[in-house]
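**Q** Got a structure for you, questions after.
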Amino acid sequence: MAVRKRSMGVVAVLAATGLGLAACGQSSGGGGDAIELTITQNAIAGGKNAAGANFITNWVIPQFEAAQKAKGKTVKVKFVPSGVDDEQYKTKLSLDLKSGKGADVMDIDGIWAGEFAEAGFIKPLSDLVGTDAENWPGWSQIPVAVQGAATFNGKKYALPVGTDGRVLYFNKTLFQKAGLPADWQPKSWQEILDAGTKLKSSGVPVPIQINAGTAMGEATSMQGVLPLLAGAGGEVQKDGKWTGAAQSMKDALGFYQKIYGGGLGDPKLQQEAKGRDKSFQQFAQGKIGILMEGDYFWRGVVNPKDGVAKMPDRDQVVGYAMIPAMEPGKGIRGQDFVSMSGGALRTINPNSKHPKEAFELAAFTLSPDALKEETKDGNVRITPRTDVNKEILANEPLLAYISEKVMPLTAYRPPVAVYPQVSVALQEATAAVVGGTAPDQAAADYQKKLEGIVGGAGNIAS
Amino acid sequence: MALATSPPEVPETAGPERYSSDAAGLGRLRAGVFVAPALLLVAVFLVFPALWVLYLGLTNYRLTGLAAADPQFVGPANLIDAVSNAEFWSSTWLTVEFVAGSAVIGQVGLGFTIAWLLRDRRGPLKRAVEGLVILAWILPSAIVSFLWVALLDRDAGTLNALLGTQGFGWLLDHPMLSIIVFNIWRGTAFSMMLYGAALGNVPPSHLESARLAGASGWQQLRDVVFPHIRGHILTNLLLISLWTFNDFTPFLLTAGGPDGKSEILAVHVYKVALQSGELGHGAAVSTIILLINLVVAVFYLRLLRSKK
Amino acid sequence: MTRFVLGRIGFYTLIAVLLAFFTIPLLWLVTAPFTANPTYEVQVPDFTWDNFKAVVEHPYALPSLYNSLLLSVGTAVLVVILAALAAYALSRVRLPGRDALLYALLLLSSIITGTAAMVPLFQLAVELNLIDSQLGLILILTGGLLPAAIFMLKDFMDSTPKSYEESARVFGATPLQIVRDVVVPLVRPGLATIAVWAVANVWGNFLMPYLLLSDVEKQPAAVITYTLYTEGGQANLSMLSTFGLLYSIPVVLMYLFVSKKYGFRFHGGIKR
C-alpha cells in the first residue's frame, strides 16, 4: 500500500510534466484547405497603438478575407497583438525569427532592418515572393527616400508603413509675452538662443527643451543630438565611416552647452528617468517655451482629444517651425534646415508557409483604400504614399507641413546592428556636456568609446 | 540526478542518526524518490539553461546582426573586457552598497524588527502592518515605479510636499540613497514573513522560562531566540543578498542615472543584454555576478555556521 | 509601570512610523485612479469612476488578471508540493553531496532570473514545444523558484521535533502519510511563506510570460500593464493607476486568506 501511494504521487508529478511537454503542439499550421496567416504589430486594442490594432482586426482582416474569397481562395488571418517597449518587442521578434517561428507578416522599426537582415531574420522580398514584390504598383507612389528605409544592401526587405519628421514646437502664448512672433522661424542656432533669452527674461521657467542624456534614450538621439549634428553638417555615419570628434560633433555638443550651461534649459530634467514624460506635461502646462519633437508630439501628446498631455487649445497655442542649420547653408548637403526621420516597415517572415499570400496581405494594408480607412477619424499620420497623403493631410496643417516642407530635407539613421550602442554613446556625450564637461572633451571621449564599438579607429572618418 | 539513482540501502530502522534523525524511516531510496520530481524540473529548466548562459558568456553572441547568425567562441574575452572597464568596477561597488544597505541592513533589520514587534499580536493592527508591507512587495514593478516617482518627484513629489522642500531632486542628488530606501520598502516583506514564521518555531516555553529567570528583552533575543533561528538568518541573508544582487527594478526609478551613479550590476546587465542586444557580454557579466555571489555565500556560511 | 507605559508609547510610535513609511508611497495608487487626468502628483481626486469603466471595457485587462491567478497559483502549488517533499527528504536523510548541491542550485537560480537567460530559456521552450503553453510557463517558473524554496523549507523541516514522526511510524503510517499529516501541519507557516513568496514572484513577472506566451488571451496582467502606453512610450497614467489598483487587490485578498487560514498561527494543531 505504502509503495503504491508514494509512487502515485510521483507519477502524478511526472504526468504533469509530460503533459506540459505534450501540450500545445502546433503554433501555426495549415489545417485543411484554408490558408492561415498571422500578422503582428507592436499594437494592442485598449493599449499601445490601439487604433492600429483595431484597424487590422475590424477592417483589414474581414476585407482581405473577402477579397481573397472573391478570388476563390479561403484565407484566414489572425492578428497577434503586442504592445510593449520597442526593445522588448524587438527581442521577442528576434527570438521568434531565430527559432523559425513568428507571424507571417510583421511590423518592425525601420532602424532594425539592417541587423535583422544581417542575422538572416528577414530576406529580400524578391527572394520570398518573386517578381510580385518588385512589380507592386504602390512603389511608384512612395518617395525614394522613404523606399530607402526599407532597403538594405540595395535590396528591398519590406514595405514602408509610414514616416515622420522632427520640428521645433513653441508656445505662442509665451512667445507673445516675450515679444516674439507667432510665425517664428529661426534661421540659425543663434536665433533659437536669442528667443530662449527673451523667453527667460519674460519669466518662462524652461525656455528651451532639447533632449539630452541617457535617461531619455533614443529620444535624445532623434530629437536632440542627431538633428543638431545634421545642422552642423555632420552625419553619424557616412559611406561606412563613423563621425568621431569632428568639428560638426563639437558644434552640436557646443549648442547643448549654450542651452544648459546658459540657464536656457533645465539640466536636471534631462537626468530624470521620466524626464521626457515630464517635459511633455510641462509643455502642456505652459512652462516650456521651445521643444524639439516629432509629429508624434502633435498627434499623441498634446492632442486635445486623446493625448497623454492634452492641450485643449493646441491648434491656437502650439506653433511649429523647421529646425535650422547652425547657420544658413551649414547643414548636411548644404541645407538651411534639417530634420530626422524614422518609420516602421512591414515585412514578410522568411519562415512563412505562404509568403505570396503574406505579401498580398501586407500590400493590401498599404493600398490607398486601406490607408485612407486607417487614417480617418482623427487618426491621421504621414503615410508612405504621396497620393494618399495629398488627400488625407489636407486638414492637418502640421502633418501637411512636415510632409511637404520637412520630408524633402530629412535624414535617416544608419540601419546597422551597432547603431543602438553608438546612439547610447552619443547620449552619454550629451549627458556629459549638460553635466558641465567641455564639448571638445565630450567629443573626444565619444570618439574613444566609438572606436571600441565600431571596431577601431579605422572605421572612423578622420 | 545522481541522488535518484543512488544504490538502494536498507533503511536504518533504529538508532539515532548522527546528522539528522530519519524519524519517519524514509531511507535513501525513498528520499531519492521524494527529491526526484523537484530535481528533474530543476535540472531541465534551471541547470541546463544556466549552464547555457555560462557558455554564452564565452561567445560574442548578439540578439541581431551578423553575430546572431554565426556566433563565435571568444573564450574569456568578454570577461576580460568587462573587468578592464572602469565603469564595471564602479557598478560593482554601487551594487555592494546597494546590497549591504538595502538588503543586509535594511530588509533584514526592518523585517526582523517588525516580526519581533508583532510576534504576540493578533487582530487588525498586525494585519494592517503586515498587509501594507506585503502590498509593497507584491505590486508589479511597472506600477511601483510610478508610485515612487510620484513620491520623490522634484516638483510635485509627495515627499517634498510633506517636508516643504519643493524642488529637491531626491533621485538626482541622492540616487543611491533613493534606491536603497526604495528597495527596503519593496523587499522587507520577505524577511518579515520569514522571521515571523521562524519566531513561531521558537518554543514559547523557552522564552517563558528565560523571562522568569529575569532575562531582559535583549538577553532573551540573544540567548533563546537567536540560537533557534540561526539557520533562518543564514538562509535569509543568503537569499536576499542573492536576489538583491540580481534585482534590476531600480532601473525603473533612475534608469541607472544620473550619469551612471546608480547603475548597479543588474541594471548594467539589463542595458547590455536587452537594450544593446549584446547577449554574450551580458552573460559574461552574469557569470561574474555569480562568482561574487559565491564569495558572499561562503562568507555567510563561515560567519553563521562556525559555532554550531 | 512607567517602564511599561514607555514601552507602549515606544511601540506605538514605532508602528506609526512604519505604517507611514509603507503607506505614503501608496498614496498615488489610491488617488490617481479616481482622478480624471492624473499626473505624477498626489492630488485630491475628482472621484470619477471613468477610469474603472475604461479598465472594465478594456478587452484584455480583466481576463489577464485571471491568467495571472492561474499562473501564480499553479506555480505556487507546484513549488510548495515539490519543495516540501524534497526539503523533507533532504532534511531527514543524509544524501551524498546534499549541501554543496543545494548551494550550487541556489547560485544558478540567480542567473536564470537575469536578463541574460532569456535566450536559453526561450530556445529550450521551443525545443520542448512549450511556447504558448501556460503549463509550460508554470514549469519553467517553478524550476527557477524551487532551489530557494527547498532551501527555505529545509530550515523549517530541520527545526521541527522528530518525536511525532517516530510515534506516527510506530502506528504504521507511511512516509507520505507522515509528511502530510505530521510534518506539514508543523511547518505550515513555512509553507505559507513559500506560497506567498512564489505568488509574488510570478505575479509581477513580465519578461518570461511576454516572451513565451504570444497569444494575448493567455498573457498575465504584468504583460498587459506594459501595453498601457502610447506609441511614443508615454504612460497612460489613468489606465495604469486604475489597473494597478485592481491588479493588487487579488493578491492582498489572497494574502489575508492565507494568513488567516493557514499561516502565521504557529504551533497550530499540535501542542507542545
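Identifiers for the C-alpha cells are assigned positionally: chains receive A, B, ... in sequence, residues are indexed from 1 per chain, and ligands are indexed from 1 in the order shown.
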What are the closest atom pairs, with distances in Å to one decimal, for each residue of chain B lying within 6 Å of chain C, using only C-alpha atoms, rows by chain and rising residue number, as a Markdown table?
**A**
| residue | atom | partner | partner_atom | distance |
| --- | --- | --- | --- | --- |
| B:Ser20 | CA | C:Arg92 | CA | 5.8 |
| B:Ser21 | CA | C:Arg92 | CA | 5.9 |
| B:Asp22 | CA | C:Arg92 | CA | 4.7 |
| B:Ala23 | CA | C:Glu166 | CA | 5.1 |
| B:Ala24 | CA | C:Glu165 | CA | 5.4 |
| B:Ala31 | CA | C:Ala89 | CA | 4.8 |
| B:Phe34 | CA | C:Leu85 | CA | 5.3 |
| B:Val35 | CA | C:Ala86 | CA | 4.2 |
| B:Ala38 | CA | C:Leu82 | CA | 5.3 |
| B:Leu41 | CA | C:Gly143 | CA | 5.2 |
| B:Val42 | CA | C:Gly143 | CA | 4.6 |
| B:Phe45 | CA | C:Gly143 | CA | 5.2 |
| B:Leu46 | CA | C:Gly143 | CA | 5.7 |
| B:Pro49 | CA | C:Pro120 | CA | 5.3 |
| B:Ala50 | CA | C:Ile112 | CA | 5.8 |
| B:Val53 | CA | C:Ala117 | CA | 5.9 |
| B:Ile138 | CA | C:Ala200 | CA | 5.0 |
| B:Leu139 | CA | C:Ser248 | CA | 5.9 |
| B:Pro140 | CA | C:Gly204 | CA | 4.3 |
| B:Leu147 | CA | C:Pro25 | CA | 5.8 |
| B:Ala150 | CA | C:Tyr40 | CA | 4.7 |
| B:Leu151 | CA | C:Pro25 | CA | 5.8 |
| B:Ala156 | CA | C:Glu41 | CA | 5.3 |
| B:Ala197 | CA | C:Pro189 | CA | 5.3 |
| B:Gly200 | CA | C:Phe266 | CA | 5.1 |
| B:Tyr270 | CA | C:Thr115 | CA | 5.9 |
| B:Gly282 | CA | C:Ala116 | CA | 5.8 |
| B:Ala283 | CA | C:Ala116 | CA | 5.2 |
**Q** Show me which bits of chain A are within 8 Å of chain B, counting only C-alpha atoms, as a ChimeraX atom specification.
**A** /A:10,13-14,87-88,91,94-95,114-120,214-215,268,271-274,416-417,420-421,428,431-432
**Q** Can you write just those residues out, N, CA and C atoms, as a PDB file, in the first residue's frame?
**A**
ATOM      1  N   VAL A  10       4.389  10.523  -7.265  1.00  0.00           N
ATOM      2  CA  VAL A  10       5.475  10.800  -8.211  1.00  0.00           C
ATOM      3  C   VAL A  10       4.953  10.745  -9.634  1.00  0.00           C
ATOM      4  N   VAL A  13       3.141  13.826 -10.638  1.00  0.00           N
ATOM      5  CA  VAL A  13       4.016  14.949 -10.969  1.00  0.00           C
ATOM      6  C   VAL A  13       4.659  14.744 -12.332  1.00  0.00           C
ATOM      7  N   LEU A  14       5.128  13.505 -12.543  1.00  0.00           N
ATOM      8  CA  LEU A  14       5.760  13.232 -13.833  1.00  0.00           C
ATOM      9  C   LEU A  14       4.748  13.403 -14.962  1.00  0.00           C
ATOM     10  N   GLU A  87      12.112  47.842 -27.477  1.00  0.00           N
ATOM     11  CA  GLU A  87      13.235  46.926 -27.287  1.00  0.00           C
ATOM     12  C   GLU A  87      12.752  45.520 -26.980  1.00  0.00           C
ATOM     13  N   GLN A  88      11.688  45.448 -26.189  1.00  0.00           N
ATOM     14  CA  GLN A  88      11.180  44.129 -25.824  1.00  0.00           C
ATOM     15  C   GLN A  88      10.474  43.470 -26.998  1.00  0.00           C
ATOM     16  N   THR A  91      13.178  42.149 -29.095  1.00  0.00           N
ATOM     17  CA  THR A  91      13.710  40.925 -28.518  1.00  0.00           C
ATOM     18  C   THR A  91      12.827  39.737 -28.864  1.00  0.00           C
ATOM     19  N   SER A  94      13.073  38.819 -32.510  1.00  0.00           N
ATOM     20  CA  SER A  94      14.356  38.178 -32.800  1.00  0.00           C
ATOM     21  C   SER A  94      14.344  36.725 -32.346  1.00  0.00           C
ATOM     22  N   LEU A  95      13.838  36.494 -31.139  1.00  0.00           N
ATOM     23  CA  LEU A  95      13.807  35.122 -30.632  1.00  0.00           C
ATOM     24  C   LEU A  95      12.898  34.255 -31.497  1.00  0.00           C
ATOM     25  N   GLY A 114      18.601  46.542 -40.976  1.00  0.00           N
ATOM     26  CA  GLY A 114      19.945  46.073 -41.260  1.00  0.00           C
ATOM     27  C   GLY A 114      20.362  44.911 -40.388  1.00  0.00           C
ATOM     28  N   GLU A 115      20.147  45.050 -39.092  1.00  0.00           N
ATOM     29  CA  GLU A 115      20.602  43.990 -38.185  1.00  0.00           C
ATOM     30  C   GLU A 115      19.783  42.718 -38.366  1.00  0.00           C
ATOM     31  N   PHE A 116      18.491  42.867 -38.661  1.00  0.00           N
ATOM     32  CA  PHE A 116      17.668  41.685 -38.913  1.00  0.00           C
ATOM     33  C   PHE A 116      18.122  40.991 -40.190  1.00  0.00           C
ATOM     34  N   ALA A 117      18.442  41.788 -41.192  1.00  0.00           N
ATOM     35  CA  ALA A 117      18.884  41.206 -42.460  1.00  0.00           C
ATOM     36  C   ALA A 117      20.228  40.497 -42.279  1.00  0.00           C
ATOM     37  N   GLU A 118      21.139  41.157 -41.543  1.00  0.00           N
ATOM     38  CA  GLU A 118      22.449  40.543 -41.308  1.00  0.00           C
ATOM     39  C   GLU A 118      22.325  39.224 -40.564  1.00  0.00           C
ATOM     40  N   ALA A 119      21.375  39.171 -39.642  1.00  0.00           N
ATOM     41  CA  ALA A 119      21.193  37.948 -38.863  1.00  0.00           C
ATOM     42  C   ALA A 119      20.448  36.880 -39.651  1.00  0.00           C
ATOM     43  N   GLY A 120      19.971  37.245 -40.840  1.00  0.00           N
ATOM     44  CA  GLY A 120      19.200  36.294 -41.626  1.00  0.00           C
ATOM     45  C   GLY A 120      17.764  36.156 -41.147  1.00  0.00           C
ATOM     46  N   THR A 214      21.145  60.060 -21.110  1.00  0.00           N
ATOM     47  CA  THR A 214      20.824  58.669 -21.407  1.00  0.00           C
ATOM     48  C   THR A 214      19.426  58.281 -20.951  1.00  0.00           C
ATOM     49  N   ALA A 215      18.874  58.998 -19.983  1.00  0.00           N
ATOM     50  CA  ALA A 215      17.578  58.580 -19.447  1.00  0.00           C
ATOM     51  C   ALA A 215      16.494  58.652 -20.523  1.00  0.00           C
ATOM     52  N   LYS A 268      18.494  69.244 -14.996  1.00  0.00           N
ATOM     53  CA  LYS A 268      18.065  68.107 -14.171  1.00  0.00           C
ATOM     54  C   LYS A 268      16.985  67.291 -14.873  1.00  0.00           C
ATOM     55  N   GLN A 271      18.083  64.324 -16.696  1.00  0.00           N
ATOM     56  CA  GLN A 271      18.620  63.166 -15.971  1.00  0.00           C
ATOM     57  C   GLN A 271      17.532  62.295 -15.385  1.00  0.00           C
ATOM     58  N   GLU A 272      16.322  62.806 -15.317  1.00  0.00           N
ATOM     59  CA  GLU A 272      15.268  62.054 -14.636  1.00  0.00           C
ATOM     60  C   GLU A 272      14.783  60.904 -15.498  1.00  0.00           C
ATOM     61  N   ALA A 273      14.469  59.786 -14.825  1.00  0.00           N
ATOM     62  CA  ALA A 273      14.029  58.594 -15.565  1.00  0.00           C
ATOM     63  C   ALA A 273      12.752  58.878 -16.345  1.00  0.00           C
ATOM     64  N   LYS A 274      11.887  59.708 -15.800  1.00  0.00           N
ATOM     65  CA  LYS A 274      10.649  60.035 -16.506  1.00  0.00           C
ATOM     66  C   LYS A 274      10.716  61.460 -17.059  1.00  0.00           C
ATOM     67  N   VAL A 416      22.224  49.806 -39.025  1.00  0.00           N
ATOM     68  CA  VAL A 416      23.200  48.736 -38.784  1.00  0.00           C
ATOM     69  C   VAL A 416      23.122  48.288 -37.336  1.00  0.00           C
ATOM     70  N   ALA A 417      23.655  47.103 -37.085  1.00  0.00           N
ATOM     71  CA  ALA A 417      23.444  46.474 -35.780  1.00  0.00           C
ATOM     72  C   ALA A 417      24.095  47.244 -34.635  1.00  0.00           C
ATOM     73  N   PRO A 420      22.468  51.021 -32.115  1.00  0.00           N
ATOM     74  CA  PRO A 420      21.967  51.276 -30.760  1.00  0.00           C
ATOM     75  C   PRO A 420      23.080  51.612 -29.768  1.00  0.00           C
ATOM     76  N   GLN A 421      24.239  50.966 -29.905  1.00  0.00           N
ATOM     77  CA  GLN A 421      25.331  51.273 -28.986  1.00  0.00           C
ATOM     78  C   GLN A 421      25.935  52.635 -29.275  1.00  0.00           C
ATOM     79  N   GLU A 428      25.448  59.654 -24.039  1.00  0.00           N
ATOM     80  CA  GLU A 428      26.361  59.890 -22.928  1.00  0.00           C
ATOM     81  C   GLU A 428      27.162  61.169 -23.135  1.00  0.00           C
ATOM     82  N   ALA A 431      24.992  63.953 -22.181  1.00  0.00           N
ATOM     83  CA  ALA A 431      24.855  63.986 -20.721  1.00  0.00           C
ATOM     84  C   ALA A 431      26.070  64.647 -20.088  1.00  0.00           C
ATOM     85  N   ALA A 432      27.253  64.320 -20.620  1.00  0.00           N
ATOM     86  CA  ALA A 432      28.475  64.899 -20.070  1.00  0.00           C
ATOM     87  C   ALA A 432      28.469  66.415 -20.227  1.00  0.00           C
TER      88      ALA A 432
END
**Q** At a cut-off of 10 Å, using only C-alpha atoms, what residues contact segment 294-300 of chain B? Leave out same-chain residues fewer than 6 positions from it and give the result as a ChimeraX atom specification.
**A** /B:233-235,237-239,241-242,288,306 /C:103-104,106-107
**Q** Could you turn the residues from that selection into a file that holds C-alpha atoms, as a PDB file, in the first residue's frame?
**A**
ATOM      1  CA  ILE B 233      19.078  34.107   9.451  1.00  0.00           C
ATOM      2  CA  LEU B 234      21.657  32.422   7.277  1.00  0.00           C
ATOM      3  CA  THR B 235      19.073  31.441   4.701  1.00  0.00           C
ATOM      4  CA  LEU B 237      20.837  36.687   4.338  1.00  0.00           C
ATOM      5  CA  LEU B 238      21.870  34.381   1.549  1.00  0.00           C
ATOM      6  CA  LEU B 239      18.648  34.617  -0.371  1.00  0.00           C
ATOM      7  CA  SER B 241      21.666  39.136  -0.955  1.00  0.00           C
ATOM      8  CA  LEU B 242      21.394  36.905  -3.983  1.00  0.00           C
ATOM      9  CA  ILE B 288      30.865  37.486 -12.688  1.00  0.00           C
ATOM     10  CA  SER B 306      31.093  28.332  12.514  1.00  0.00           C
TER      11      SER B 306
ATOM     12  CA  TYR C 103      24.182  25.855  -2.738  1.00  0.00           C
ATOM     13  CA  ALA C 104      25.136  25.301  -6.342  1.00  0.00           C
ATOM     14  CA  LEU C 106      20.752  28.315  -5.428  1.00  0.00           C
ATOM     15  CA  LEU C 107      23.551  30.209  -7.119  1.00  0.00           C
TER      16      LEU C 107
END
**Q** Using only C-alpha atoms, determine which residues of chain C fall within 6 Å of chain A; present them as a PyMOL selection string.
**A** chain C and resi 58+128-129+133+135-136+174+211+226-231
**Q** Kindly save the residues from that selection, with N, CA and C atoms included, as an mmCIF file, in the first residue's frame.
**A**
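Generated output (part-v3.cif):
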data_model
loop_
_atom_site.group_PDB
_atom_site.id
_atom_site.type_symbol
_atom_site.label_atom_id
_atom_site.label_comp_id
_atom_site.auth_asym_id
_atom_site.auth_seq_id
_atom_site.Cartn_x
_atom_site.Cartn_y
_atom_site.Cartn_z
ATOM 1 N N HIS C 58 -11.810 47.429 -21.235
ATOM 2 C CA HIS C 58 -10.591 47.018 -21.930
ATOM 3 C C HIS C 58 -10.691 45.530 -22.277
ATOM 4 N N LEU C 128 11.090 22.053 -26.492
ATOM 5 C CA LEU C 128 10.179 21.179 -25.753
ATOM 6 C C LEU C 128 8.725 21.445 -26.124
ATOM 7 N N ASN C 129 8.517 22.315 -27.108
ATOM 8 C CA ASN C 129 7.160 22.633 -27.532
ATOM 9 C C ASN C 129 6.335 23.265 -26.419
ATOM 10 N N SER C 133 2.263 27.847 -24.038
ATOM 11 C CA SER C 133 1.576 26.954 -23.122
ATOM 12 C C SER C 133 1.723 27.491 -21.705
ATOM 13 N N LEU C 135 0.984 25.958 -18.999
ATOM 14 C CA LEU C 135 1.570 24.911 -18.159
ATOM 15 C C LEU C 135 3.089 24.899 -18.314
ATOM 16 N N GLY C 136 3.538 25.074 -19.559
ATOM 17 C CA GLY C 136 4.975 25.128 -19.796
ATOM 18 C C GLY C 136 5.620 26.261 -19.027
ATOM 19 N N THR C 174 2.728 5.536 6.634
ATOM 20 C CA THR C 174 3.738 5.533 5.580
ATOM 21 C C THR C 174 4.440 6.891 5.579
ATOM 22 N N LEU C 211 7.665 36.708 -23.433
ATOM 23 C CA LEU C 211 8.413 36.018 -24.482
ATOM 24 C C LEU C 211 7.805 34.659 -24.803
ATOM 25 N N TYR C 226 2.127 46.549 -19.283
ATOM 26 C CA TYR C 226 3.118 47.191 -20.143
ATOM 27 C C TYR C 226 2.538 47.703 -21.453
ATOM 28 N N THR C 227 1.311 47.294 -21.774
ATOM 29 C CA THR C 227 0.735 47.763 -23.034
ATOM 30 C C THR C 227 -0.002 49.079 -22.859
ATOM 31 N N LEU C 228 -0.125 49.552 -21.626
ATOM 32 C CA LEU C 228 -0.922 50.756 -21.396
ATOM 33 C C LEU C 228 -0.067 52.002 -21.615
ATOM 34 N N TYR C 229 0.620 52.016 -22.725
ATOM 35 C CA TYR C 229 1.477 53.135 -23.079
ATOM 36 C C TYR C 229 1.100 53.602 -24.481
ATOM 37 N N THR C 230 1.602 54.759 -24.859
ATOM 38 C CA THR C 230 1.345 55.236 -26.205
ATOM 39 C C THR C 230 2.415 54.732 -27.148
ATOM 40 N N GLU C 231 2.256 55.039 -28.425
ATOM 41 C CA GLU C 231 3.268 54.631 -29.396
ATOM 42 C C GLU C 231 4.628 55.240 -29.088
#
**Q** Can you pull out the residues contacting segment 184-196 of chain A? Cut-off 10 Å, using only C-alpha atoms, and skip same-chain residues under 5 positions away; I want them as a ChimeraX atom specification.
**A** /A:168,170,172,175,178-179,201-202,204,206-209,228,231-232,252,255,258-259,262-265,289-290,319-330,336-337
**Q** Can you write out the residues you just picked, keeping C-alpha atoms, as a compact mmCIF listing (two decimals), in the first residue's frame?
**A**
# COMPACT_ATOMS: atom_id res chain seq x y z
CA LEU A 168 10.60 72.79 -33.22
CA PHE A 170 6.75 76.54 -29.45
CA LYS A 172 2.63 81.04 -28.91
CA PHE A 175 6.11 83.89 -27.29
CA ALA A 178 8.21 87.64 -24.65
CA GLY A 179 7.59 89.80 -27.71
CA SER A 201 13.57 87.31 -19.20
CA SER A 202 9.79 87.21 -19.65
CA VAL A 204 9.33 81.31 -18.69
CA VAL A 206 12.20 76.43 -19.08
CA PRO A 207 12.79 78.42 -22.27
CA ILE A 208 14.21 75.57 -24.38
CA GLN A 209 13.90 71.78 -24.09
CA LEU A 228 21.85 69.14 -34.31
CA GLY A 231 22.52 71.06 -38.68
CA ALA A 232 26.27 71.31 -38.22
CA ALA A 252 26.40 70.10 -31.86
CA PHE A 255 24.97 74.07 -28.70
CA LYS A 258 24.99 77.07 -24.64
CA ILE A 259 21.47 75.95 -23.68
CA GLY A 262 23.48 79.28 -20.11
CA GLY A 263 20.39 78.67 -17.99
CA LEU A 264 18.10 78.33 -21.00
CA GLY A 265 17.20 74.70 -20.26
CA GLY A 289 8.81 77.74 -24.50
CA ILE A 290 10.50 75.73 -27.27
CA GLY A 319 3.33 76.78 -33.15
CA TYR A 320 5.93 74.89 -35.11
CA ALA A 321 9.00 75.70 -37.15
CA MET A 322 11.65 73.85 -39.11
CA ILE A 323 14.90 73.04 -37.32
CA PRO A 324 17.52 75.44 -38.67
CA ALA A 325 21.08 74.53 -39.54
CA MET A 326 23.75 76.07 -37.36
CA GLU A 327 23.93 78.86 -39.92
CA PRO A 328 22.15 79.06 -43.27
CA GLY A 329 23.73 76.59 -45.68
CA LYS A 330 25.76 74.85 -42.99
CA ASP A 336 19.39 75.68 -44.47
CA PHE A 337 17.10 73.41 -42.47
**Q** Which of segment 126-221 of chain B end up as alpha helix (DSSP H) when DSSP is run on this backbone - answer as number ranges by chain?
**A** B: 126-138, 141-152, 158-163, 170-173, 175-200, 204-212, 217-220
**Q** If we count only C-alpha atoms, what is near Val83 of chain B at a cut-off of 12 Å, once residues fewer than 4 positions away on the same chain are taken out, given as a ChimeraX atom specification?
**A** /B:76-79,87-92,281,284-285,287-289
**Q** Please measure the separation of atom CA of Phe152 of chain A and atom CA of Arg381 of chain A, giving the value in Å to one decimal.
**A**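 Going from atom CA of Phe152 of chain A over to atom CA of Arg381 of chain A covers 24.8 Å.
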**Q** Which residues, written as a ChimeraX atom specification, have at least one atom at most 9 Å from Leu199 of chain B, with only C-alpha atoms counted and residues fewer than 4 positions away on the same chain left out?
**A** /B:115-116,119,194-195,203,225,228-229 /C:266
**Q** Could you pull the residues within 12 Å of Gly455 of chain A, counting only C-alpha atoms, minus those fewer than 5 positions along the same chain, as a count of residues only?
**A** 9
**Q** In Å to one decimal, how far is atom CA of Gly224 of chain A from atom CA of Thr386 of chain A?
**A**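 If I compute the distance from atom CA of Thr386 of chain A to atom CA of Gly224 of chain A, I get 27.8 Å.
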